[in-house]
file work22.txt (compact mmCIF, C-alpha atoms)
# COMPACT_ATOMS: atom_id res chain seq x y z
CA MET A 1 69.05 -53.35 124.69
CA SER A 2 68.48 -55.86 127.47
CA ASP A 3 69.58 -55.55 131.09
CA VAL A 4 72.05 -58.40 130.58
CA ASP A 5 74.01 -56.45 127.97
CA ALA A 6 74.25 -53.30 130.07
CA THR A 7 77.55 -52.63 131.76
CA PRO A 8 77.36 -52.13 135.50
CA PRO A 9 77.45 -48.54 136.67
CA PRO A 10 80.75 -47.29 138.06
CA PRO A 11 81.06 -47.73 141.81
CA ASP A 12 79.81 -44.86 143.89
CA PRO A 13 82.73 -43.00 145.57
CA GLU A 14 80.82 -42.99 148.84
CA ASP A 15 80.40 -46.78 148.62
CA ARG A 16 84.15 -47.13 148.06
CA ARG A 17 84.89 -44.98 151.13
CA LYS A 18 82.54 -47.07 153.26
CA HIS A 19 84.05 -50.27 151.87
CA LEU A 20 87.50 -49.02 152.84
CA ASP A 21 86.18 -48.20 156.33
CA PHE A 22 84.92 -51.77 156.70
CA ILE A 23 88.26 -53.21 155.61
CA GLN A 24 90.16 -50.86 157.92
CA SER A 25 88.05 -51.97 160.88
CA VAL A 26 88.99 -55.60 160.17
CA VAL A 27 92.68 -54.64 160.01
CA THR A 28 92.30 -52.85 163.34
CA ARG A 29 90.66 -55.90 164.92
CA MET A 30 93.44 -58.20 163.66
CA SER A 31 96.06 -55.84 165.05
CA ALA A 32 94.30 -55.72 168.43
CA ALA A 33 94.03 -59.52 168.51
CA SER A 34 97.75 -59.79 167.83
CA SER A 35 98.50 -57.45 170.70
CA ASN A 36 96.19 -59.44 172.96
CA ALA A 37 98.00 -62.67 172.08
CA LYS A 38 101.28 -61.12 173.17
CA ALA A 39 99.68 -59.69 176.31
CA TRP A 40 98.29 -63.09 177.31
CA LEU A 41 101.52 -64.91 176.54
CA LEU A 42 103.73 -62.89 178.88
CA PRO A 43 102.08 -63.82 182.20
CA VAL A 44 101.66 -67.44 181.10
CA VAL A 45 105.33 -67.94 180.26
CA THR A 46 106.50 -65.85 183.21
CA ALA A 47 104.56 -68.14 185.54
CA ALA A 48 105.65 -71.32 183.76
CA TYR A 49 109.32 -70.38 183.47
CA GLY A 50 109.42 -68.95 186.99
CA TYR A 51 107.87 -72.09 188.45
CA ALA A 52 110.21 -74.28 186.42
CA LEU A 53 113.24 -72.40 187.76
CA THR A 54 112.16 -72.38 191.40
CA GLN A 55 110.91 -75.97 191.51
CA LYS A 56 113.47 -77.44 189.07
CA ALA A 57 110.64 -78.73 186.88
CA ASP A 58 111.76 -79.06 183.27
CA SER A 59 108.31 -80.34 182.25
CA VAL A 60 106.77 -77.01 183.28
CA ALA A 61 109.40 -75.16 181.25
CA LEU A 62 108.42 -77.31 178.27
CA LEU A 63 104.79 -76.48 178.97
CA GLY A 64 105.71 -72.78 178.79
CA LEU A 65 107.55 -73.48 175.54
CA GLY A 66 104.43 -75.18 174.16
CA ALA A 67 102.34 -72.16 175.14
CA THR A 68 104.85 -69.93 173.36
CA LEU A 69 104.58 -71.98 170.17
CA LEU A 70 100.78 -71.97 170.36
CA PHE A 71 100.61 -68.20 170.84
CA ALA A 72 103.16 -67.70 168.04
CA TYR A 73 100.95 -69.71 165.68
CA LEU A 74 97.86 -67.72 166.67
CA ASP A 75 99.69 -64.42 166.30
CA ALA A 76 101.13 -65.42 162.92
CA ASN A 77 97.63 -66.20 161.68
CA TYR A 78 96.39 -62.82 162.88
CA LEU A 79 99.27 -61.14 161.05
CA ARG A 80 98.59 -63.10 157.87
CA GLN A 81 94.92 -62.07 157.94
CA GLU A 82 95.95 -58.48 158.60
CA LYS A 83 98.28 -58.59 155.57
CA ARG A 84 95.52 -60.02 153.40
CA PHE A 85 93.09 -57.29 154.40
CA ARG A 86 95.75 -54.61 153.88
CA SER A 87 96.22 -55.98 150.36
CA LEU A 88 92.45 -55.91 149.86
CA TYR A 89 92.41 -52.32 151.10
CA LYS A 90 95.10 -51.33 148.56
CA ALA A 91 93.25 -53.09 145.75
CA VAL A 92 89.93 -51.42 146.57
CA ALA A 93 91.55 -48.02 147.08
CA SER A 94 93.33 -48.19 143.73
CA GLY A 95 90.07 -48.87 141.88
CA ARG A 96 91.96 -50.86 139.24
CA TYR A 97 90.44 -54.20 140.11
CA ASN A 98 86.91 -55.47 139.83
CA ILE A 99 86.27 -56.27 143.50
CA ALA A 100 82.66 -56.57 144.54
CA THR A 101 81.40 -53.59 146.53
CA PHE A 102 81.59 -54.26 150.28
CA SER A 103 83.41 -57.56 149.77
CA LEU A 104 85.40 -58.57 152.84
CA GLN A 105 86.87 -61.66 151.20
CA PRO A 106 90.63 -61.53 150.75
CA ASP A 107 90.16 -64.42 148.29
CA ASP A 108 88.69 -61.79 145.93
CA LEU A 109 92.18 -60.31 145.56
CA PRO A 110 93.49 -60.41 142.01
CA SER A 111 96.24 -62.90 141.22
CA GLU A 112 98.62 -60.00 140.46
CA VAL A 113 98.96 -59.24 144.18
CA PRO A 114 102.26 -60.85 145.27
CA THR A 115 101.95 -63.76 147.69
CA LYS A 116 104.49 -62.09 149.96
CA GLU A 117 102.16 -59.10 150.42
CA LYS A 118 99.35 -61.46 151.39
CA GLY A 119 101.48 -63.44 153.86
CA ASP A 120 101.15 -66.60 151.80
CA TRP A 121 103.66 -69.20 150.68
CA PRO A 122 105.27 -68.87 147.24
CA ALA A 123 103.44 -70.23 144.21
CA GLY A 124 103.83 -73.96 143.81
CA THR A 125 103.48 -74.67 147.52
CA PRO A 126 100.70 -77.19 148.15
CA ARG A 127 97.40 -75.46 148.93
CA TRP A 128 96.94 -77.32 152.24
CA ILE A 129 100.23 -75.93 153.56
CA ASN A 130 99.22 -72.40 152.59
CA ARG A 131 95.87 -72.82 154.33
CA LEU A 132 97.39 -74.33 157.48
CA LEU A 133 100.53 -72.25 157.94
CA PRO A 134 101.25 -68.57 157.35
CA GLY A 135 104.01 -67.85 154.84
CA PRO A 136 107.69 -67.40 155.69
CA ASN A 137 107.58 -63.60 155.59
CA VAL A 138 104.98 -63.69 158.39
CA TRP A 139 107.10 -65.97 160.59
CA LEU A 140 110.20 -63.84 159.97
CA SER A 141 108.46 -60.52 160.65
CA TRP A 142 109.48 -58.35 163.58
CA SER A 143 106.14 -58.86 165.30
CA VAL A 144 106.25 -62.66 165.24
CA GLY A 145 109.79 -63.99 164.80
CA VAL A 146 111.62 -61.32 166.74
CA PHE A 147 109.14 -61.52 169.60
CA TYR A 148 108.54 -65.27 169.96
CA VAL A 149 111.94 -66.76 169.09
CA PRO A 150 113.72 -65.27 172.14
CA VAL A 151 110.85 -66.34 174.42
CA ALA A 152 111.00 -69.88 173.00
CA LEU A 153 114.80 -70.01 173.29
CA LEU A 154 114.53 -68.91 176.91
CA GLY A 155 112.18 -71.83 177.53
CA VAL A 156 114.65 -74.27 175.96
CA VAL A 157 117.51 -72.84 178.05
CA ILE A 158 115.45 -73.06 181.26
CA ALA A 159 114.42 -76.65 180.47
CA CYS A 160 118.08 -77.57 179.94
CA ILE A 161 119.27 -75.77 183.08
CA VAL A 162 116.76 -77.35 185.46
CA ARG A 163 117.21 -80.87 184.11

call {"tool": "encode", "arguments": {"input": "work22.txt", "output": "structure tokens"}}
result
Amino acid sequence: MSDVDATPPPPDPEDRRKHLDFIQSVVTRMSAASSNAKAWLLPVVTAAYGYALTQKADSVALLGLGATLLFAYLDANYLRQEKRFRSLYKAVASGRYNIATFSLQPDDLPSEVPTKEKGDWPAGTPRWINRLLPGPNVWLSWSVGVFYVPVALLGVVIACIVR
């Protein structure tokens, strides 16, 4: 019997635990980055909106709105990556899928994992859109949509008031 015909040995339970630790640390970093995006946004928009109100400068309010949209995009991407790594964590923990030991590639996820769980667009959406923009369930989540939409609406209202 040659080495090519031999089936690979079952994964070591200790390797699986370490693999899960690695994935969990990535999820933790994505979560921290999302929190940092929100923490940086608040003083930026407070300064921009406050200046726009006191100086009657609608362009500065629009600048604050642009910052809000930029931070929302960054935060949505962090959340999408976090969702992908959570899905990878579930797949590795279940042991049902053949995922390479210590792989930190969410692209290794099996096709059975629903796109909604990964934060992607539904099947049939062009690949470039899925790579460029997080899926709808990310934008509508409580940590992105509920946080950034009111801040953006406030910027629009301020820009209209000071005009």

call {"tool": "closest_atom_pairs", "arguments": {"input": "work22.txt", "of": "range 33-106 of chain A", "to": "range 129-144 of chain A", "cutoff": "9 Å", "atoms": "all atoms listed in the file", "output": "JSON lines"}}
result
{"residue": "A:Ser34", "atom": "CA", "partner": "A:Ser143", "partner_atom": "CA", "distance": 8.8}
{"residue": "A:Ala72", "atom": "CA", "partner": "A:Val144", "partner_atom": "CA", "distance": 6.5}
{"residue": "A:Tyr73", "atom": "CA", "partner": "A:Leu133", "partner_atom": "CA", "distance": 8.2}
{"residue": "A:Asp75", "atom": "CA", "partner": "A:Val144", "partner_atom": "CA", "distance": 6.9}
{"residue": "A:Ala76", "atom": "CA", "partner": "A:Val138", "partner_atom": "CA", "distance": 6.2}
{"residue": "A:Asn77", "atom": "CA", "partner": "A:Pro134", "partner_atom": "CA", "distance": 6.1}
{"residue": "A:Leu79", "atom": "CA", "partner": "A:Val138", "partner_atom": "CA", "distance": 6.8}
{"residue": "A:Arg80", "atom": "CA", "partner": "A:Pro134", "partner_atom": "CA", "distance": 6.1}
{"residue": "A:Lys83", "atom": "CA", "partner": "A:Val138", "partner_atom": "CA", "distance": 8.9}

call {"tool": "closest_residue", "arguments": {"input": "work22.txt", "among": "A:Ala159, A:Pro110, A:Thr115, A:Arg96", "to": "Gly66 in chain A", "atoms": "only C-alpha atoms"}}
result
A:Ala159

call {"tool": "closest_residue", "arguments": {"input": "work22.txt", "among": "A:Leu53, A:Leu62, A:Met30, A:Ala39", "to": "Ile161 in chain A", "atoms": "only C-alpha atoms"}}
result
A:Leu53

call {"tool": "closest_residue", "arguments": {"input": "work22.txt", "among": "A:Thr101, A:Arg29, A:Leu69, A:Ser35", "to": "Pro13 in chain A", "atoms": "all atoms listed in the file"}}
result
A:Thr101

call {"tool": "atom_distance", "arguments": {"input": "work22.txt", "atom1": "CA of Val156 in chain A", "atom2": "CA of Val45 in chain A"}}
result
12.1 Å

call {"tool": "residues_around", "arguments": {"input": "work22.txt", "residues": "Arg163 in chain A", "least_positions_apart": "6", "cutoff": "10 Å", "atoms": "all atoms listed in the file", "output": "list in words"}}
result
Ala52, Lys56, Ala57, Asp58 and Ser59 of chain A

call {"tool": "axis_aligned_box", "arguments": {"input": "work22.txt", "around": "range 80-83 of chain A", "padding_each_side": "8 Å", "output": "lines of an AutoDock Vina configuration file"}}
result
center_x = 96.8
center_y = -60.8
center_z = 157.1
size_x = 19.7
size_y = 20.6
size_z = 19.0

call {"tool": "closest_residue", "arguments": {"input": "work22.txt", "among": "A:Gly64, A:Pro43, A:Gly145, A:Pro106", "to": "Val26 in chain A", "atoms": "all atoms listed in the file"}}
result
A:Pro106

call {"tool": "closest_residue", "arguments": {"input": "work22.txt", "among": "A:Tyr51, A:Tyr148, A:Trp121, A:Tyr89", "to": "Leu70 in chain A", "atoms": "all atoms listed in the file"}}
result
A:Tyr148

call {"tool": "closest_residue", "arguments": {"input": "work22.txt", "among": "A:Ser111, A:Ile158, A:Lys18, A:Phe147", "to": "Leu65 in chain A", "atoms": "only C-alpha atoms"}}
result
A:Ile158

call {"tool": "atom_distance", "arguments": {"input": "work22.txt", "atom1": "CA of Ile99 in chain A", "atom2": "CA of His19 in chain A"}}
result
10.5 Å

call {"tool": "atom_distance", "arguments": {"input": "work22.txt", "atom1": "CA of Ala152 in chain A", "atom2": "CA of Ala61 in chain A"}}
result
9.9 Å

call {"tool": "residues_around", "arguments": {"input": "work22.txt", "residues": "Phe71 in chain A", "least_positions_apart": "5", "cutoff": "8 Å", "atoms": "all atoms listed in the file", "output": "PDB file with C-alpha atoms, keeping the file's coordinate frame"}}
result
ATOM      1  CA  ALA A  37      98.000 -62.670 172.080  1.00  0.00           C
ATOM      2  CA  LYS A  38     101.280 -61.120 173.170  1.00  0.00           C
ATOM      3  CA  LEU A  41     101.520 -64.910 176.540  1.00  0.00           C
TER       4      LEU A  41
END

call {"tool": "build_atoms", "arguments": {"input": "work22.txt", "residues": "range 20-51 of chain A", "atoms": "N, CA and C atoms", "output": "PDB file, in the coordinates of the input"}}
result
ATOM      1  N   LEU A  20      86.171 -49.171 152.245  1.00  0.00           N
ATOM      2  CA  LEU A  20      87.500 -49.020 152.840  1.00  0.00           C
ATOM      3  C   LEU A  20      87.426 -48.919 154.369  1.00  0.00           C
ATOM      4  N   ASP A  21      86.388 -48.263 154.877  1.00  0.00           N
ATOM      5  CA  ASP A  21      86.180 -48.200 156.330  1.00  0.00           C
ATOM      6  C   ASP A  21      85.976 -49.596 156.916  1.00  0.00           C
ATOM      7  N   PHE A  22      85.176 -50.408 156.228  1.00  0.00           N
ATOM      8  CA  PHE A  22      84.920 -51.770 156.700  1.00  0.00           C
ATOM      9  C   PHE A  22      86.222 -52.577 156.744  1.00  0.00           C
ATOM     10  N   ILE A  23      86.994 -52.469 155.672  1.00  0.00           N
ATOM     11  CA  ILE A  23      88.260 -53.210 155.610  1.00  0.00           C
ATOM     12  C   ILE A  23      89.208 -52.723 156.701  1.00  0.00           C
ATOM     13  N   GLN A  24      89.279 -51.410 156.895  1.00  0.00           N
ATOM     14  CA  GLN A  24      90.160 -50.860 157.920  1.00  0.00           C
ATOM     15  C   GLN A  24      89.761 -51.337 159.313  1.00  0.00           C
ATOM     16  N   SER A  25      88.474 -51.494 159.557  1.00  0.00           N
ATOM     17  CA  SER A  25      88.050 -51.970 160.880  1.00  0.00           C
ATOM     18  C   SER A  25      88.479 -53.422 161.093  1.00  0.00           C
ATOM     19  N   VAL A  26      88.499 -54.223 160.045  1.00  0.00           N
ATOM     20  CA  VAL A  26      88.990 -55.600 160.170  1.00  0.00           C
ATOM     21  C   VAL A  26      90.492 -55.596 160.464  1.00  0.00           C
ATOM     22  N   VAL A  27      91.241 -54.746 159.761  1.00  0.00           N
ATOM     23  CA  VAL A  27      92.680 -54.640 160.010  1.00  0.00           C
ATOM     24  C   VAL A  27      92.939 -54.231 161.460  1.00  0.00           C
ATOM     25  N   THR A  28      92.162 -53.305 161.952  1.00  0.00           N
ATOM     26  CA  THR A  28      92.300 -52.850 163.340  1.00  0.00           C
ATOM     27  C   THR A  28      92.016 -53.985 164.317  1.00  0.00           C
ATOM     28  N   ARG A  29      90.984 -54.769 164.043  1.00  0.00           N
ATOM     29  CA  ARG A  29      90.660 -55.900 164.920  1.00  0.00           C
ATOM     30  C   ARG A  29      91.771 -56.942 164.910  1.00  0.00           C
ATOM     31  N   MET A  30      92.339 -57.220 163.742  1.00  0.00           N
ATOM     32  CA  MET A  30      93.440 -58.200 163.660  1.00  0.00           C
ATOM     33  C   MET A  30      94.653 -57.699 164.433  1.00  0.00           C
ATOM     34  N   SER A  31      94.934 -56.427 164.322  1.00  0.00           N
ATOM     35  CA  SER A  31      96.060 -55.840 165.050  1.00  0.00           C
ATOM     36  C   SER A  31      95.838 -55.922 166.558  1.00  0.00           C
ATOM     37  N   ALA A  32      94.622 -55.640 166.997  1.00  0.00           N
ATOM     38  CA  ALA A  32      94.300 -55.720 168.430  1.00  0.00           C
ATOM     39  C   ALA A  32      94.387 -57.161 168.920  1.00  0.00           C
ATOM     40  N   ALA A  33      93.949 -58.106 168.118  1.00  0.00           N
ATOM     41  CA  ALA A  33      94.030 -59.520 168.510  1.00  0.00           C
ATOM     42  C   ALA A  33      95.477 -59.964 168.629  1.00  0.00           C
ATOM     43  N   SER A  34      96.323 -59.477 167.749  1.00  0.00           N
ATOM     44  CA  SER A  34      97.750 -59.790 167.830  1.00  0.00           C
ATOM     45  C   SER A  34      98.355 -59.247 169.113  1.00  0.00           C
ATOM     46  N   SER A  35      98.005 -58.038 169.453  1.00  0.00           N
ATOM     47  CA  SER A  35      98.500 -57.450 170.700  1.00  0.00           C
ATOM     48  C   SER A  35      97.991 -58.220 171.914  1.00  0.00           C
ATOM     49  N   ASN A  36      96.741 -58.654 171.864  1.00  0.00           N
ATOM     50  CA  ASN A  36      96.190 -59.440 172.960  1.00  0.00           C
ATOM     51  C   ASN A  36      96.895 -60.783 173.104  1.00  0.00           C
ATOM     52  N   ALA A  37      97.268 -61.402 172.002  1.00  0.00           N
ATOM     53  CA  ALA A  37      98.000 -62.670 172.080  1.00  0.00           C
ATOM     54  C   ALA A  37      99.319 -62.476 172.807  1.00  0.00           C
ATOM     55  N   LYS A  38     100.007 -61.406 172.484  1.00  0.00           N
ATOM     56  CA  LYS A  38     101.280 -61.120 173.170  1.00  0.00           C
ATOM     57  C   LYS A  38     101.034 -60.796 174.645  1.00  0.00           C
ATOM     58  N   ALA A  39      99.978 -60.065 174.925  1.00  0.00           N
ATOM     59  CA  ALA A  39      99.680 -59.690 176.310  1.00  0.00           C
ATOM     60  C   ALA A  39      99.312 -60.908 177.150  1.00  0.00           C
ATOM     61  N   TRP A  40      98.634 -61.879 176.571  1.00  0.00           N
ATOM     62  CA  TRP A  40      98.290 -63.090 177.310  1.00  0.00           C
ATOM     63  C   TRP A  40      99.491 -64.014 177.462  1.00  0.00           C
ATOM     64  N   LEU A  41     100.362 -64.014 176.474  1.00  0.00           N
ATOM     65  CA  LEU A  41     101.520 -64.910 176.540  1.00  0.00           C
ATOM     66  C   LEU A  41     102.457 -64.561 177.694  1.00  0.00           C
ATOM     67  N   LEU A  42     102.713 -63.286 177.898  1.00  0.00           N
ATOM     68  CA  LEU A  42     103.730 -62.890 178.880  1.00  0.00           C
ATOM     69  C   LEU A  42     103.457 -63.397 180.287  1.00  0.00           C
ATOM     70  N   PRO A  43     102.268 -63.252 180.859  1.00  0.00           N
ATOM     71  CA  PRO A  43     102.080 -63.820 182.200  1.00  0.00           C
ATOM     72  C   PRO A  43     102.105 -65.347 182.219  1.00  0.00           C
ATOM     73  N   VAL A  44     101.650 -65.969 181.152  1.00  0.00           N
ATOM     74  CA  VAL A  44     101.660 -67.440 181.100  1.00  0.00           C
ATOM     75  C   VAL A  44     103.085 -67.962 181.139  1.00  0.00           C
ATOM     76  N   VAL A  45     103.956 -67.428 180.275  1.00  0.00           N
ATOM     77  CA  VAL A  45     105.330 -67.940 180.260  1.00  0.00           C
ATOM     78  C   VAL A  45     106.120 -67.478 181.477  1.00  0.00           C
ATOM     79  N   THR A  46     105.816 -66.306 181.986  1.00  0.00           N
ATOM     80  CA  THR A  46     106.500 -65.850 183.210  1.00  0.00           C
ATOM     81  C   THR A  46     106.194 -66.811 184.350  1.00  0.00           C
ATOM     82  N   ALA A  47     104.941 -67.190 184.489  1.00  0.00           N
ATOM     83  CA  ALA A  47     104.560 -68.140 185.540  1.00  0.00           C
ATOM     84  C   ALA A  47     105.189 -69.513 185.299  1.00  0.00           C
ATOM     85  N   ALA A  48     105.111 -69.990 184.067  1.00  0.00           N
ATOM     86  CA  ALA A  48     105.650 -71.320 183.760  1.00  0.00           C
ATOM     87  C   ALA A  48     107.168 -71.357 183.933  1.00  0.00           C
ATOM     88  N   TYR A  49     107.860 -70.393 183.369  1.00  0.00           N
ATOM     89  CA  TYR A  49     109.320 -70.380 183.470  1.00  0.00           C
ATOM     90  C   TYR A  49     109.774 -70.121 184.902  1.00  0.00           C
ATOM     91  N   GLY A  50     109.074 -69.232 185.584  1.00  0.00           N
ATOM     92  CA  GLY A  50     109.420 -68.950 186.990  1.00  0.00           C
ATOM     93  C   GLY A  50     109.226 -70.182 187.862  1.00  0.00           C
ATOM     94  N   TYR A  51     108.119 -70.869 187.692  1.00  0.00           N
ATOM     95  CA  TYR A  51     107.870 -72.090 188.450  1.00  0.00           C
ATOM     96  C   TYR A  51     108.906 -73.157 188.126  1.00  0.00           C
TER      97      TYR A  51
END
